[in-house]
>>> print(open('model-v7.txt').read())   # compact mmCIF, C-alpha atoms
# COMPACT_ATOMS: atom_id res chain seq x y z
CA MET A 255 -19.65 -8.97 10.27
CA SER A 256 -16.87 -6.47 11.00
CA GLU A 257 -14.05 -7.06 13.47
CA ASP A 258 -15.81 -4.73 15.90
CA GLY A 259 -18.82 -7.04 16.08
CA LEU A 260 -20.97 -4.74 13.99
CA HIS A 261 -23.48 -6.65 11.91
CA ASN A 262 -25.20 -4.93 9.03
CA THR A 263 -28.04 -5.73 6.67
CA LEU A 264 -27.10 -3.06 4.15
CA LYS A 265 -26.82 -5.50 1.26
CA VAL A 266 -30.24 -6.98 2.02
CA GLN A 267 -31.88 -3.59 2.46
CA ARG A 268 -30.33 -2.39 -0.78
CA ALA A 269 -31.39 -5.51 -2.68
CA MET A 270 -34.95 -5.17 -1.37
CA ARG A 271 -35.11 -1.80 -3.09
CA ASN A 272 -33.39 -2.97 -6.28
CA LEU A 273 -30.60 -0.47 -5.80
CA THR A 274 -27.04 -0.98 -6.99
CA GLN A 275 -24.12 -0.05 -4.75
CA ALA A 276 -23.53 2.94 -7.02
CA ASP A 277 -27.19 4.05 -6.74
CA LEU A 278 -27.09 3.94 -2.97
CA ALA A 279 -23.67 5.61 -2.89
CA ALA A 280 -24.95 8.47 -5.05
CA GLN A 281 -27.95 8.96 -2.78
CA ALA A 282 -25.77 8.97 0.34
CA GLY A 283 -23.09 11.19 -1.23
CA VAL A 284 -20.23 8.68 -1.00
CA THR A 285 -18.48 6.40 -3.48
CA ARG A 286 -19.45 2.86 -4.37
CA LYS A 287 -16.31 1.71 -2.54
CA SER A 288 -17.64 2.93 0.80
CA VAL A 289 -20.88 1.02 0.34
CA ASN A 290 -18.90 -2.04 -0.70
CA GLY A 291 -16.55 -1.67 2.28
CA ILE A 292 -19.48 -1.55 4.71
CA GLU A 293 -21.35 -4.44 3.10
CA THR A 294 -18.29 -6.68 3.24
CA GLY A 295 -17.61 -5.72 6.86
CA ARG A 296 -14.24 -4.16 6.09
CA MET A 297 -15.33 -0.71 7.20
CA VAL A 298 -17.25 0.61 10.17
CA PRO A 299 -19.04 3.77 9.02
CA SER A 300 -19.19 6.98 11.00
CA VAL A 301 -22.47 7.97 12.64
CA ILE A 302 -23.01 10.56 9.92
CA LEU A 303 -22.55 8.05 7.12
CA ALA A 304 -24.79 5.52 8.91
CA LEU A 305 -27.50 8.18 9.17
CA LYS A 306 -27.08 9.14 5.50
CA LEU A 307 -27.42 5.50 4.43
CA ALA A 308 -30.45 5.01 6.64
CA ARG A 309 -32.07 8.12 5.20
CA ALA A 310 -31.28 7.01 1.65
CA LEU A 311 -32.94 3.66 2.34
CA GLY A 312 -35.81 5.17 4.30
CA VAL A 313 -35.18 3.12 7.44
CA THR A 314 -33.71 3.72 10.89
CA VAL A 315 -30.03 3.17 11.59
CA ASP A 316 -30.66 0.18 13.84
CA THR A 317 -32.55 -1.54 11.02
CA ILE A 318 -29.26 -1.62 9.13
CA PHE A 319 -26.66 -1.84 11.88
CA THR A 320 -26.74 -4.00 14.98
CA LEU A 321 -24.07 -4.91 17.45
CA GLU A 322 -23.47 -8.64 17.65
CA GLY A 323 -24.80 -10.04 20.94
CA ALA A 324 -26.11 -6.64 22.01
CA ASP A 325 -29.21 -6.27 24.10
CA HIS A 326 -31.59 -4.18 22.00
CA ARG A 327 -33.59 -2.84 24.93
CA PRO A 328 -32.96 0.85 25.57
CA ALA A 329 -30.60 1.64 28.39
CA PRO A 330 -32.39 2.56 31.65
CA ALA A 331 -32.53 6.27 32.42
CA ASP A 332 -30.58 7.47 35.43
CA MET B 256 -26.31 13.64 -24.11
CA THR B 257 -25.48 13.77 -20.41
CA GLU B 258 -23.75 10.74 -18.92
CA PRO B 259 -25.52 9.03 -16.00
CA THR B 260 -24.15 10.07 -12.59
CA GLU B 261 -23.09 6.46 -11.91
CA ASP B 262 -20.87 6.36 -14.99
CA ARG B 263 -19.33 9.75 -14.25
CA SER B 264 -18.69 8.70 -10.68
CA GLU B 265 -16.87 5.56 -11.89
CA LEU B 266 -14.94 7.65 -14.40
CA TYR B 267 -13.72 10.03 -11.68
CA LEU B 268 -12.89 7.09 -9.40
CA ARG B 269 -10.75 5.50 -12.11
CA PHE B 270 -9.17 8.87 -12.85
CA SER B 271 -8.33 9.30 -9.18
CA ARG B 272 -6.69 5.85 -9.03
CA ARG B 273 -4.75 6.45 -12.24
CA GLY B 274 -3.58 9.77 -10.84
CA MET B 275 -2.28 8.02 -7.72
CA ALA B 276 -0.55 5.37 -9.83
CA PHE B 277 1.05 8.11 -11.92
CA LEU B 278 2.17 9.85 -8.73
CA LEU B 279 3.71 6.58 -7.56
CA ILE B 280 5.73 6.30 -10.77
CA ILE B 281 6.95 9.91 -10.45
CA ILE B 282 7.95 9.39 -6.81
CA MET B 283 9.88 6.21 -7.64
CA ALA B 284 11.60 7.75 -10.66
CA LEU B 285 12.60 10.93 -8.83
CA GLY B 286 13.67 8.99 -5.74
CA ALA B 287 15.82 6.57 -7.74
CA THR B 288 17.39 9.48 -9.64
CA ALA B 289 18.14 11.41 -6.46
CA LEU B 290 19.59 8.28 -4.84
CA VAL B 291 21.90 7.57 -7.79
CA MET B 292 23.07 11.18 -7.79
CA ALA B 293 23.70 11.07 -4.05
CA LEU B 294 25.63 7.81 -4.21
CA GLN B 295 27.65 8.42 -7.38
CA PRO B 296 27.65 12.15 -8.10
CA GLY B 297 30.30 11.92 -10.81
CA GLY B 298 29.30 8.54 -12.20
CA ALA B 299 28.33 7.87 -15.79
CA PHE B 300 24.69 7.30 -14.87
CA SER B 301 24.53 10.53 -12.86
CA ARG B 302 26.03 12.49 -15.77
CA MET B 303 23.51 10.94 -18.11
CA LEU B 304 20.67 11.89 -15.74
CA GLU B 305 21.99 15.44 -15.49
CA LYS B 306 22.01 15.73 -19.27
CA ALA B 307 18.49 14.33 -19.46
CA SER B 308 17.12 16.52 -16.64
CA TRP B 309 14.73 18.18 -19.11
CA PHE B 310 13.03 14.83 -19.55
CA PHE B 311 11.28 14.75 -16.14
CA PRO B 312 9.12 17.88 -16.47
CA ILE B 313 8.21 16.99 -20.04
CA ALA B 314 7.33 13.40 -19.08
CA THR B 315 5.27 14.70 -16.14
CA VAL B 316 3.34 17.12 -18.35
CA LEU B 317 2.78 14.44 -21.01
CA GLY B 318 1.64 11.96 -18.38
CA PHE B 319 -0.71 14.50 -16.86
CA GLY B 320 -2.08 15.30 -20.31
CA ALA B 321 -2.68 11.61 -20.96
CA LEU B 322 -4.48 11.37 -17.62
CA GLN B 323 -6.71 14.30 -18.51
CA THR B 324 -7.64 12.78 -21.86
CA SER B 325 -8.82 9.64 -20.03
CA LEU B 326 -11.58 11.85 -18.60
CA GLY B 327 -12.90 12.58 -22.09
CA LYS B 328 -15.13 15.62 -22.17
CA ASN B 329 -15.39 15.71 -18.37
CA ARG B 330 -13.09 17.76 -16.19
CA TRP B 331 -11.98 17.21 -12.58
CA ASN B 332 -14.20 19.85 -11.03
CA PRO B 333 -13.94 19.89 -7.20
CA ASN B 334 -17.45 21.34 -7.02
CA ALA B 335 -19.05 18.48 -8.96
CA PRO B 336 -21.07 16.22 -6.60
CA GLU B 337 -19.27 13.08 -7.83
CA VAL B 338 -15.85 14.63 -7.17
CA LYS B 339 -16.99 15.91 -3.77
CA ALA B 340 -18.14 12.39 -2.93
CA ILE B 341 -14.73 10.99 -3.88
CA LEU B 342 -12.76 13.64 -2.00
CA SER B 343 -14.77 13.24 1.20
CA ASP B 344 -15.33 9.51 0.90
CA GLU B 345 -14.98 7.68 4.22
CA TRP B 346 -13.60 4.48 2.73
CA ARG B 347 -10.81 6.39 0.99
CA ARG B 348 -10.05 8.42 4.11
CA THR B 349 -9.91 5.26 6.19
CA ASN B 350 -7.51 3.75 3.66
CA LEU B 351 -5.38 6.91 3.63
CA ASP B 352 -5.07 6.66 7.42
CA ARG B 353 -4.20 2.96 7.21
CA ALA B 354 -1.65 3.60 4.45
CA MET B 355 -0.06 6.38 6.50
CA LYS B 356 0.29 4.07 9.51
CA VAL B 357 1.86 1.34 7.36
CA ALA B 358 4.29 3.81 5.77
CA PHE B 359 5.25 5.20 9.18
CA ILE B 360 5.93 1.73 10.59
CA VAL B 361 7.95 0.72 7.51
CA ILE B 362 10.04 3.89 7.79
CA LEU B 363 10.70 3.22 11.47
CA VAL B 364 11.60 -0.42 10.88
CA THR B 365 13.90 0.29 7.93
CA GLN B 366 15.93 3.01 9.63
CA LEU B 367 18.37 0.54 11.19
CA PRO B 368 18.96 -1.49 7.99
CA LEU B 369 19.32 1.71 5.98
CA GLY B 370 21.73 3.17 8.52
CA TRP B 371 23.72 -0.04 8.43
CA LEU B 372 23.68 -0.08 4.60
CA PHE B 373 24.83 3.48 4.12
CA GLY B 374 27.04 3.71 7.20
CA VAL B 375 28.80 0.36 7.15
CA MET B 376 28.39 -1.32 3.78
CA LEU B 377 29.03 1.82 1.78
CA ALA B 378 31.74 3.09 4.10
CA GLN B 379 33.57 4.76 1.22
CA LEU B 380 30.79 7.38 1.10
CA SER B 381 31.44 10.73 2.75
CA VAL B 382 29.27 11.53 5.76
CA LEU B 383 27.34 14.13 3.78
CA ARG B 384 26.64 11.68 0.93
CA ALA B 385 25.62 8.93 3.34
CA VAL B 386 23.21 11.25 5.18
CA LEU B 387 21.81 12.52 1.87
CA ALA B 388 21.36 8.97 0.54
CA MET B 389 19.67 7.92 3.77
CA ALA B 390 17.30 10.91 3.67
CA VAL B 391 16.42 10.36 0.02
CA SER B 392 15.85 6.64 0.47
CA THR B 393 13.73 7.22 3.58
CA VAL B 394 11.51 9.81 1.91
CA THR B 395 11.18 7.77 -1.29
CA LEU B 396 10.45 4.57 0.59
CA GLY B 397 7.89 6.25 2.85
CA MET B 398 6.02 7.92 0.01
CA THR B 399 6.17 4.83 -2.19
CA ILE B 400 4.82 2.60 0.57
CA PHE B 401 2.13 5.16 1.42
CA VAL B 402 0.79 5.49 -2.15
CA ALA B 403 1.21 1.79 -2.98
CA THR B 404 -0.55 0.71 0.22
CA PHE B 405 -3.38 3.12 -0.45
CA LEU B 406 -3.81 1.79 -3.99
CA TYR B 407 -3.79 -1.78 -2.65
CA LEU B 408 -6.38 -1.09 0.06
CA ASP B 409 -8.53 0.99 -2.30
CA ARG B 410 -8.75 -1.74 -4.94
CA ASP B 411 -12.07 -3.29 -5.84
CA GLN B 412 -12.99 -6.33 -3.78
CA GLY B 413 -15.95 -8.65 -4.05
>>> encode(input="model-v7.txt", output="structure tokens")
Amino acid sequence: MSEDGLHNTLKVQRAMRNLTQADLAAQAGVTRKSVNGIETGRMVPSVILALKLARALGVTVDTIFTLEGADHRPAPAD
Amino acid sequence: MTEPTEDRSELYLRFSRRGMAFLLIIIMALGATALVMALQPGGAFSRMLEKASWFFPIATVLGFGALQTSLGKNRWNPNAPEVKAILSDEWRRTNLDRAMKVAFIVILVTQLPLGWLFGVMLAQLSVLRAVLAMAVSTVTLGMTIFVATFLYLDRDQG
């Protein structure tokens, strides 16, 4: 988990698809180091990168990234 | 036969890191030379450096040539997808920002010791030489810390 309380399942999602960090990085248009940084919790990705990773894995962003202790119900509309 | 994208990507990553390491060596060598010449303009070492001033451009070109050969048949093409990925990579940008912050803080913190060193300890220096030495050491230190910190943060970790 990152210092910001962001929990991610990127490593699990990637392993489920038998992808290496380099494979996923190539699909998302970043380097292997970015994928590694996110998986080890040393980097919090931008929204754009999170969306690219989600698209590369064929899942939604909140399948990969969750905020620790966050309530997952959608916020009430005003 | 075409190399797999993964291998080329790793090749460009290593090239990029080697390039930064080479830049670090150039910065340190030039900074040390400039500092020696500022502190002892007529000294034996300064005279030797002046005589060998042709060495730096040749060494830089040779080093750059050696770097290029490490790429093999590939070339650093900014339009190649692997190079684009490296240049716009978030992890590297984050590390560049972090390295810049570290270098800035180090420069700020070392101003007083450097001022004391060049102003008090080396009091025999003329004002111009002391200011020049302080400027050279500040720039060299800042750039060295920036590149070295980036290389440290950008290293492979498990």
>>> interface_residues(input="model-v7.txt", of="chain B", to="chain A", cutoff="6 Å", atoms="all atoms listed in the file", output="compact mmCIF listing (two decimals) with C-alpha atoms, keeping the file's coordinate frame")
# COMPACT_ATOMS: atom_id res chain seq x y z
CA ALA B 340 -18.14 12.39 -2.93
CA ILE B 341 -14.73 10.99 -3.88
CA ASP B 344 -15.33 9.51 0.90
CA TRP B 346 -13.60 4.48 2.73
>>> residues_around(input="model-v7.txt", residues="segment 287-297 of chain B", least_positions_apart="4", cutoff="8 Å", atoms="only C-alpha atoms", output="list in words")
Met283, Ser301, Arg302, Leu304, Leu380, Arg384, Ala385, Leu387, Ala388, Val391 and Ser392 of chain B
>>> atom_distance(input="model-v7.txt", atom1="atom CA of Gln366 of chain B", atom2="atom CA of Gly274 of chain B")
29.1 Å
>>> atom_distance(input="model-v7.txt", atom1="atom CA of Ala276 of chain B", atom2="atom CA of Pro336 of chain B")
23.4 Å
>>> residues_near_point(input="model-v7.txt", point="(2.5, 4.6, 0.2)", cutoff="9 Å", atoms="only C-alpha atoms", output="number ranges by chain")
B: 279, 351, 354-355, 357-358, 396-406
>>> closest_residue(input="model-v7.txt", among="A:Leu278, A:Val266, A:Gly295, A:Ala304", to="Asp316 of chain A", atoms="all atoms listed in the file")
A:Ala304
>>> atom_distance(input="model-v7.txt", atom1="atom CA of Ala335 of chain B", atom2="atom CA of Leu264 of chain A")
26.5 Å
>>> residues_around(input="model-v7.txt", residues="segment 318-326 of chain B", least_positions_apart="3", cutoff="7 Å", atoms="only C-alpha atoms", output="JSON, numbers by chain")
{"B": [266, 270, 314, 315, 329, 330]}
>>> axis_aligned_box(input="model-v7.txt", around="segment 336-344 of chain B", padding_each_side="8 Å", output="JSON")
{"center_x": -16.9, "center_y": 12.9, "center_z": -3.3, "size_x": 24.3, "size_y": 22.7, "size_z": 25.0}
>>> residues_around(input="model-v7.txt", residues="Gln267 of chain A", least_positions_apart="5", cutoff="10 Å", atoms="all atoms listed in the file", output="list in words")
Asn262, Asn272, Leu273, Ala308, Leu311, Gly312, Val313, Thr317 and Ile318 of chain A
